[in-house]
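Chemist: Contents of my_file.txt (compact mmCIF, N, CA and C atoms) are given next:
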# COMPACT_ATOMS: atom_id res chain seq x y z
N MET P 1 20.62 72.32 111.65
CA MET P 1 20.54 73.76 111.60
C MET P 1 19.07 74.14 111.54
N THR P 2 18.67 75.11 112.35
CA THR P 2 17.28 75.54 112.35
C THR P 2 17.03 76.48 111.20
N GLN P 3 15.74 76.70 110.95
CA GLN P 3 15.37 77.60 109.86
C GLN P 3 15.84 79.02 110.17
N GLU P 4 15.77 79.45 111.45
CA GLU P 4 16.21 80.79 111.87
C GLU P 4 17.72 80.94 111.63
N THR P 5 18.51 79.95 112.00
CA THR P 5 19.96 80.00 111.79
C THR P 5 20.28 80.04 110.31
N SER P 6 19.54 79.26 109.53
CA SER P 6 19.75 79.24 108.08
C SER P 6 19.50 80.61 107.47
N ARG P 7 18.43 81.30 107.91
CA ARG P 7 18.13 82.65 107.40
C ARG P 7 19.25 83.63 107.78
N ASN P 8 19.73 83.54 109.02
CA ASN P 8 20.80 84.43 109.46
C ASN P 8 22.07 84.20 108.67
N THR P 9 22.37 82.95 108.35
CA THR P 9 23.56 82.61 107.57
C THR P 9 23.44 83.17 106.16
N VAL P 10 22.28 83.02 105.54
CA VAL P 10 22.05 83.55 104.19
C VAL P 10 22.14 85.07 104.21
N ALA P 11 21.51 85.72 105.20
CA ALA P 11 21.56 87.17 105.30
C ALA P 11 22.99 87.65 105.49
N GLY P 12 23.76 86.93 106.31
CA GLY P 12 25.16 87.29 106.54
C GLY P 12 25.97 87.16 105.26
N ARG P 13 25.75 86.10 104.51
CA ARG P 13 26.48 85.90 103.25
C ARG P 13 26.12 86.98 102.24
N LEU P 14 24.84 87.34 102.18
CA LEU P 14 24.41 88.41 101.26
C LEU P 14 25.05 89.74 101.64
N THR P 15 25.13 90.02 102.93
CA THR P 15 25.75 91.27 103.39
C THR P 15 27.22 91.29 103.02
N VAL P 16 27.92 90.20 103.25
CA VAL P 16 29.34 90.13 102.91
C VAL P 16 29.52 90.26 101.40
N THR P 17 28.68 89.59 100.63
CA THR P 17 28.76 89.68 99.17
C THR P 17 28.53 91.11 98.70
N ALA P 18 27.55 91.78 99.28
CA ALA P 18 27.26 93.17 98.91
C ALA P 18 28.44 94.07 99.25
N LEU P 19 29.05 93.87 100.41
CA LEU P 19 30.21 94.68 100.79
C LEU P 19 31.39 94.45 99.85
N VAL P 20 31.63 93.20 99.51
CA VAL P 20 32.73 92.89 98.59
C VAL P 20 32.47 93.53 97.24
N MET P 21 31.25 93.47 96.76
CA MET P 21 30.93 94.07 95.46
C MET P 21 31.09 95.59 95.52
N ALA P 22 30.66 96.20 96.61
CA ALA P 22 30.79 97.65 96.74
C ALA P 22 32.25 98.07 96.75
N ILE P 23 33.08 97.33 97.48
CA ILE P 23 34.51 97.65 97.52
C ILE P 23 35.13 97.48 96.14
N ALA P 24 34.74 96.42 95.44
CA ALA P 24 35.27 96.19 94.10
C ALA P 24 34.88 97.32 93.15
N MET P 25 33.64 97.78 93.26
CA MET P 25 33.18 98.86 92.38
C MET P 25 33.91 100.16 92.69
N ILE P 26 34.13 100.42 93.97
CA ILE P 26 34.84 101.65 94.35
C ILE P 26 36.28 101.57 93.86
N SER P 27 36.89 100.41 94.02
CA SER P 27 38.28 100.24 93.58
C SER P 27 38.41 100.36 92.06
N ALA P 28 37.41 99.92 91.32
CA ALA P 28 37.47 99.93 89.86
C ALA P 28 37.11 101.28 89.28
N ALA P 29 36.42 102.12 90.06
CA ALA P 29 36.00 103.42 89.54
C ALA P 29 37.21 104.29 89.29
N PRO P 30 37.16 105.09 88.22
CA PRO P 30 38.29 105.98 87.96
C PRO P 30 38.41 107.00 89.09
N SER P 31 39.61 107.32 89.45
CA SER P 31 39.79 108.30 90.52
C SER P 31 39.38 109.67 89.99
N PRO P 32 38.82 110.49 90.88
CA PRO P 32 38.43 111.82 90.43
C PRO P 32 39.65 112.63 90.02
N VAL P 33 39.45 113.51 89.06
CA VAL P 33 40.54 114.36 88.59
C VAL P 33 40.86 115.36 89.68
N THR P 34 42.10 115.51 89.98
CA THR P 34 42.51 116.50 90.95
C THR P 34 43.24 117.63 90.23
N ALA P 35 43.41 118.70 90.96
CA ALA P 35 44.02 119.88 90.36
C ALA P 35 45.43 119.62 89.86
N THR P 36 46.09 118.61 90.40
CA THR P 36 47.46 118.35 89.98
C THR P 36 47.55 117.36 88.83
N ASP P 37 46.44 116.72 88.45
CA ASP P 37 46.46 115.75 87.36
C ASP P 37 46.80 116.39 86.03
N ASN P 38 46.39 117.61 85.82
CA ASN P 38 46.67 118.34 84.59
C ASN P 38 47.41 119.61 84.98
N PRO P 39 48.69 119.66 84.73
CA PRO P 39 49.42 120.87 85.11
C PRO P 39 48.90 122.08 84.34
N ILE P 40 48.96 123.20 84.99
CA ILE P 40 48.50 124.44 84.37
C ILE P 40 49.49 124.87 83.31
N VAL P 41 48.97 125.14 82.13
CA VAL P 41 49.78 125.66 81.03
C VAL P 41 49.81 127.18 81.19
N ALA P 42 50.99 127.74 81.21
CA ALA P 42 51.12 129.19 81.36
C ALA P 42 50.47 129.90 80.18
N PRO P 43 49.89 131.07 80.43
CA PRO P 43 49.28 131.80 79.31
C PRO P 43 50.33 132.20 78.27
N SER P 44 49.93 132.17 77.02
CA SER P 44 50.86 132.53 75.94
C SER P 44 50.74 134.01 75.58
N PHE P 45 50.01 134.76 76.39
CA PHE P 45 49.79 136.19 76.14
C PHE P 45 49.65 136.90 77.47
N ASP P 46 49.69 138.22 77.41
CA ASP P 46 49.53 139.07 78.60
C ASP P 46 48.04 139.09 78.97
N LEU P 47 47.73 138.79 80.23
CA LEU P 47 46.33 138.73 80.66
C LEU P 47 45.65 140.10 80.68
N THR P 48 46.41 141.17 80.46
CA THR P 48 45.80 142.50 80.38
C THR P 48 45.61 142.95 78.93
N ASP P 49 45.88 142.08 77.97
CA ASP P 49 45.72 142.39 76.54
C ASP P 49 44.24 142.62 76.24
N PRO P 50 43.87 143.84 75.80
CA PRO P 50 42.46 144.16 75.56
C PRO P 50 41.77 143.22 74.55
N GLU P 51 42.50 142.77 73.54
CA GLU P 51 41.90 141.86 72.55
C GLU P 51 41.55 140.52 73.20
N ARG P 52 42.43 140.02 74.03
CA ARG P 52 42.17 138.74 74.71
C ARG P 52 41.06 138.89 75.74
N ILE P 53 41.01 140.02 76.42
CA ILE P 53 39.93 140.28 77.37
C ILE P 53 38.60 140.30 76.62
N ALA P 54 38.56 140.93 75.44
CA ALA P 54 37.33 140.98 74.63
C ALA P 54 36.90 139.58 74.20
N LEU P 55 37.86 138.74 73.82
CA LEU P 55 37.54 137.36 73.45
C LEU P 55 37.01 136.59 74.66
N GLY P 56 37.62 136.82 75.81
CA GLY P 56 37.15 136.18 77.04
C GLY P 56 35.75 136.63 77.41
N LYS P 57 35.47 137.91 77.21
CA LYS P 57 34.12 138.43 77.49
C LYS P 57 33.09 137.76 76.60
N LYS P 58 33.40 137.64 75.32
CA LYS P 58 32.48 137.02 74.37
C LYS P 58 32.19 135.57 74.79
N ARG P 59 33.22 134.82 75.13
CA ARG P 59 33.05 133.42 75.56
C ARG P 59 32.29 133.35 76.89
N PHE P 60 32.63 134.24 77.81
CA PHE P 60 31.96 134.30 79.11
C PHE P 60 30.46 134.53 78.92
N ASN P 61 30.11 135.48 78.05
CA ASN P 61 28.69 135.78 77.83
C ASN P 61 27.95 134.61 77.18
N LYS P 62 28.65 133.80 76.39
CA LYS P 62 28.02 132.64 75.75
C LYS P 62 27.87 131.46 76.70
N THR P 63 28.82 131.27 77.60
CA THR P 63 28.85 130.03 78.38
C THR P 63 28.68 130.20 79.88
N CYS P 64 28.96 131.37 80.41
CA CYS P 64 29.01 131.52 81.86
C CYS P 64 27.96 132.47 82.43
N ALA P 65 27.53 133.44 81.63
CA ALA P 65 26.74 134.54 82.17
C ALA P 65 25.27 134.20 82.39
N GLY P 66 24.64 133.59 81.40
CA GLY P 66 23.19 133.42 81.43
C GLY P 66 22.62 132.88 82.72
N TYR P 67 23.05 131.74 83.15
CA TYR P 67 22.46 131.09 84.30
C TYR P 67 23.30 131.24 85.56
N CYS P 68 24.61 131.20 85.42
CA CYS P 68 25.46 131.07 86.60
C CYS P 68 26.04 132.38 87.13
N HIS P 69 26.81 133.08 86.30
CA HIS P 69 27.54 134.23 86.81
C HIS P 69 26.91 135.57 86.47
N GLY P 70 25.85 135.58 85.73
CA GLY P 70 25.14 136.82 85.44
C GLY P 70 25.83 137.70 84.42
N SER P 71 25.08 138.64 83.92
CA SER P 71 25.59 139.59 82.94
C SER P 71 26.70 140.42 83.57
N ASP P 72 27.78 140.59 82.86
CA ASP P 72 28.94 141.35 83.33
C ASP P 72 29.50 140.81 84.65
N GLY P 73 29.29 139.50 84.90
CA GLY P 73 29.88 138.87 86.08
C GLY P 73 29.21 139.20 87.39
N VAL P 74 27.94 139.66 87.33
CA VAL P 74 27.21 140.03 88.54
C VAL P 74 25.77 139.52 88.45
N GLY P 75 25.25 139.04 89.56
CA GLY P 75 23.82 138.76 89.64
C GLY P 75 23.38 137.37 89.26
N GLY P 76 24.29 136.47 89.05
CA GLY P 76 23.88 135.10 88.74
C GLY P 76 23.74 134.27 90.01
N ARG P 77 23.65 132.97 89.81
CA ARG P 77 23.53 132.05 90.94
C ARG P 77 24.88 131.68 91.55
N ALA P 78 25.95 132.01 90.87
CA ALA P 78 27.30 131.71 91.33
C ALA P 78 27.97 133.00 91.79
N PRO P 79 29.18 132.90 92.32
CA PRO P 79 29.85 134.10 92.83
C PRO P 79 30.01 135.20 91.78
N ASP P 80 29.91 136.44 92.24
CA ASP P 80 30.15 137.61 91.38
C ASP P 80 31.65 137.77 91.16
N PHE P 81 32.00 138.36 90.02
CA PHE P 81 33.40 138.64 89.72
C PHE P 81 33.71 140.13 89.73
N LYS P 82 32.71 140.96 89.53
CA LYS P 82 32.93 142.40 89.47
C LYS P 82 33.44 142.89 90.82
N GLY P 83 34.57 143.57 90.79
CA GLY P 83 35.15 144.10 92.01
C GLY P 83 35.89 143.07 92.86
N ARG P 84 35.95 141.87 92.42
CA ARG P 84 36.60 140.80 93.19
C ARG P 84 38.08 140.74 92.83
N THR P 85 38.93 140.94 93.80
CA THR P 85 40.37 140.99 93.56
C THR P 85 41.12 139.82 94.19
N ASP P 86 40.41 138.90 94.81
CA ASP P 86 41.08 137.82 95.54
C ASP P 86 41.33 136.56 94.72
N LEU P 87 41.03 136.58 93.43
CA LEU P 87 41.23 135.39 92.60
C LEU P 87 42.63 135.34 92.01
N ALA P 88 43.35 134.30 92.36
CA ALA P 88 44.67 134.09 91.76
C ALA P 88 44.47 133.55 90.35
N ASP P 89 45.35 133.94 89.44
CA ASP P 89 45.24 133.52 88.04
C ASP P 89 45.15 132.00 87.91
N GLU P 90 46.07 131.31 88.57
CA GLU P 90 46.13 129.84 88.45
C GLU P 90 44.88 129.18 89.04
N GLU P 91 44.38 129.72 90.14
CA GLU P 91 43.18 129.15 90.76
C GLU P 91 41.97 129.33 89.85
N ALA P 92 41.85 130.49 89.21
CA ALA P 92 40.75 130.71 88.26
C ALA P 92 40.86 129.73 87.10
N TYR P 93 42.07 129.58 86.55
CA TYR P 93 42.29 128.63 85.45
C TYR P 93 41.90 127.21 85.88
N ARG P 94 42.39 126.80 87.04
CA ARG P 94 42.14 125.45 87.55
C ARG P 94 40.63 125.21 87.73
N THR P 95 39.93 126.19 88.26
CA THR P 95 38.49 126.04 88.48
C THR P 95 37.74 125.94 87.17
N ILE P 96 38.11 126.75 86.20
CA ILE P 96 37.46 126.67 84.88
C ILE P 96 37.77 125.32 84.23
N PHE P 97 39.01 124.89 84.30
CA PHE P 97 39.43 123.64 83.68
C PHE P 97 38.72 122.43 84.31
N HIS P 98 38.77 122.34 85.63
CA HIS P 98 38.26 121.15 86.34
C HIS P 98 36.81 121.27 86.79
N GLY P 99 36.28 122.49 86.86
CA GLY P 99 34.94 122.66 87.41
C GLY P 99 34.97 122.57 88.92
N ARG P 100 33.80 122.46 89.50
CA ARG P 100 33.68 122.43 90.95
C ARG P 100 32.55 121.51 91.35
N ARG P 101 32.75 120.72 92.37
CA ARG P 101 31.73 119.79 92.86
C ARG P 101 31.43 120.02 94.33
N THR P 102 31.52 121.25 94.79
CA THR P 102 31.22 121.56 96.18
C THR P 102 29.80 122.10 96.25
N SER P 103 29.53 122.99 97.17
CA SER P 103 28.18 123.55 97.28
C SER P 103 27.80 124.34 96.03
N ASP P 104 28.78 124.98 95.38
CA ASP P 104 28.48 125.65 94.10
C ASP P 104 29.10 124.80 92.99
N ILE P 105 28.22 124.09 92.32
CA ILE P 105 28.65 123.19 91.26
C ILE P 105 28.91 123.98 89.98
N MET P 106 30.02 123.65 89.33
CA MET P 106 30.37 124.28 88.06
C MET P 106 30.89 123.19 87.14
N PRO P 107 30.43 123.16 85.91
CA PRO P 107 30.92 122.13 84.99
C PRO P 107 32.37 122.38 84.61
N PRO P 108 33.10 121.32 84.34
CA PRO P 108 34.49 121.49 83.88
C PRO P 108 34.50 121.88 82.40
N TRP P 109 35.38 122.81 82.05
CA TRP P 109 35.48 123.27 80.67
C TRP P 109 36.81 122.87 80.03
N GLY P 110 37.63 122.10 80.74
CA GLY P 110 38.96 121.74 80.26
C GLY P 110 39.00 120.96 78.97
N GLU P 111 37.96 120.21 78.68
CA GLU P 111 37.93 119.46 77.42
C GLU P 111 37.19 120.21 76.32
N ALA P 112 36.48 121.26 76.69
CA ALA P 112 35.72 122.03 75.70
C ALA P 112 36.54 123.20 75.14
N PHE P 113 37.43 123.75 75.96
CA PHE P 113 38.21 124.92 75.57
C PHE P 113 39.70 124.60 75.55
N THR P 114 40.41 125.30 74.69
CA THR P 114 41.87 125.19 74.67
C THR P 114 42.43 125.95 75.88
N PRO P 115 43.69 125.70 76.22
CA PRO P 115 44.29 126.48 77.31
C PRO P 115 44.21 128.00 77.07
N ASP P 116 44.47 128.44 75.83
CA ASP P 116 44.38 129.88 75.55
C ASP P 116 42.95 130.41 75.75
N GLN P 117 41.96 129.63 75.37
CA GLN P 117 40.58 130.07 75.57
C GLN P 117 40.24 130.18 77.06
N ILE P 118 40.76 129.25 77.85
CA ILE P 118 40.55 129.34 79.30
C ILE P 118 41.27 130.56 79.85
N TRP P 119 42.49 130.81 79.38
CA TRP P 119 43.21 132.00 79.84
C TRP P 119 42.50 133.28 79.43
N GLU P 120 41.82 133.29 78.28
CA GLU P 120 41.04 134.47 77.89
C GLU P 120 39.89 134.70 78.87
N LEU P 121 39.27 133.60 79.32
CA LEU P 121 38.24 133.73 80.35
C LEU P 121 38.84 134.29 81.64
N VAL P 122 40.00 133.79 82.01
CA VAL P 122 40.68 134.30 83.21
C VAL P 122 40.98 135.79 83.04
N ALA P 123 41.46 136.18 81.86
CA ALA P 123 41.77 137.59 81.60
C ALA P 123 40.51 138.45 81.78
N TYR P 124 39.38 137.98 81.28
CA TYR P 124 38.14 138.75 81.44
C TYR P 124 37.69 138.78 82.89
N ILE P 125 37.78 137.67 83.58
CA ILE P 125 37.39 137.63 85.00
C ILE P 125 38.28 138.58 85.81
N LYS P 126 39.58 138.57 85.52
CA LYS P 126 40.48 139.48 86.21
C LYS P 126 40.14 140.94 85.88
N PHE P 127 39.77 141.19 84.63
CA PHE P 127 39.34 142.54 84.23
C PHE P 127 38.11 142.97 85.04
N LEU P 128 37.15 142.04 85.18
CA LEU P 128 35.95 142.36 85.96
C LEU P 128 36.30 142.72 87.41
N GLY P 129 37.34 142.10 87.92
CA GLY P 129 37.77 142.42 89.28
C GLY P 129 38.21 143.85 89.45
N THR P 130 38.60 144.51 88.36
CA THR P 130 39.04 145.91 88.43
C THR P 130 37.88 146.88 88.26
N GLN P 131 36.71 146.37 87.97
CA GLN P 131 35.55 147.25 87.72
C GLN P 131 34.79 147.59 89.00
Using structure tokens, write down the structure from this file.

Modeler:
Amino acid sequence: MTQETSRNTVAGRLTVTALVMAIAMISAAPSPVTATDNPIVAPSFDLTDPERIALGKKRFNKTCAGYCHGSDGVGGRAPDFKGRTDLADEEAYRTIFHGRRTSDIMPPWGEAFTPDQIWELVAYIKFLGTQ
């Protein structure tokens, strides 16, 4: 075997080894959470309840407004909510729970907030849609 053939054989083995390791790592990685992994818990209150909307507003201003969605749901780096009527309740809940990893990245809040707290955020976002 020539030195050139020996190098090609070693390079080929390294490439195969690297591919096998990459496939093993991908297979071992936890699958990303999908919207169906955690079923949506129905709200335990009316989403138009003024007290729940106020609680959602308070939480929104602490966690969502400053950098991403702006004061009163307008003017941040993420989509505005004021006047927006196209958000389905379940989709808003799912997005808050799981976050988003597309062009507009949003952290998931499903482990930080209870289902009722997420629904309070949804109630406030829906309220903003009527403004």

Chemist: Within range 43-113 of chain P, find each residue whose DSSP state, derived from the backbone, is strand (DSSP E), and express the selection as an MDAnalysis selection string.

Modeler: chainID P and resid 100:101 105:106

Chemist: So that I can see what lies close to range 91-101 of chain P, please list as a ChimeraX atom specification the residues with an atom at most 12 Å from it, counting only C-alpha atoms and leaving out residues fewer than 4 positions away in the same chain.

Modeler: /P:32-43,47,60,63-64,78,81,84-87,105-126

Chemist: Please, what distance in Å, to one decimal, runs between atom N of Pro50 in chain P and atom C of Tyr67 in chain P?

Modeler: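 Spanning atom N of Pro50 in chain P to atom C of Tyr67 in chain P is a straight-line distance of 26.0 Å.
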
Chemist: Could you work out how far atom C of Asp72 in chain P lies from CA of Asp49 in chain P, giving the answer in Å with one decimal?

Modeler: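 Between CA of Asp49 in chain P and atom C of Asp72 in chain P the gap works out to 18.2 Å.
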
Chemist: Interatomic distance between CA of Gly66 in chain P and CA of Thr102 in chain P?

Modeler: 20.6 Å

Chemist: Go through P:Phe45, P:Ile53, P:Ser103, P:His69 and flag the residue nearest Lys82 in chain P, using only C-alpha atoms for the distances.

Modeler: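 Once distances to Lys82 in chain P are computed over only C-alpha atoms, the minimum belongs to P:His69.
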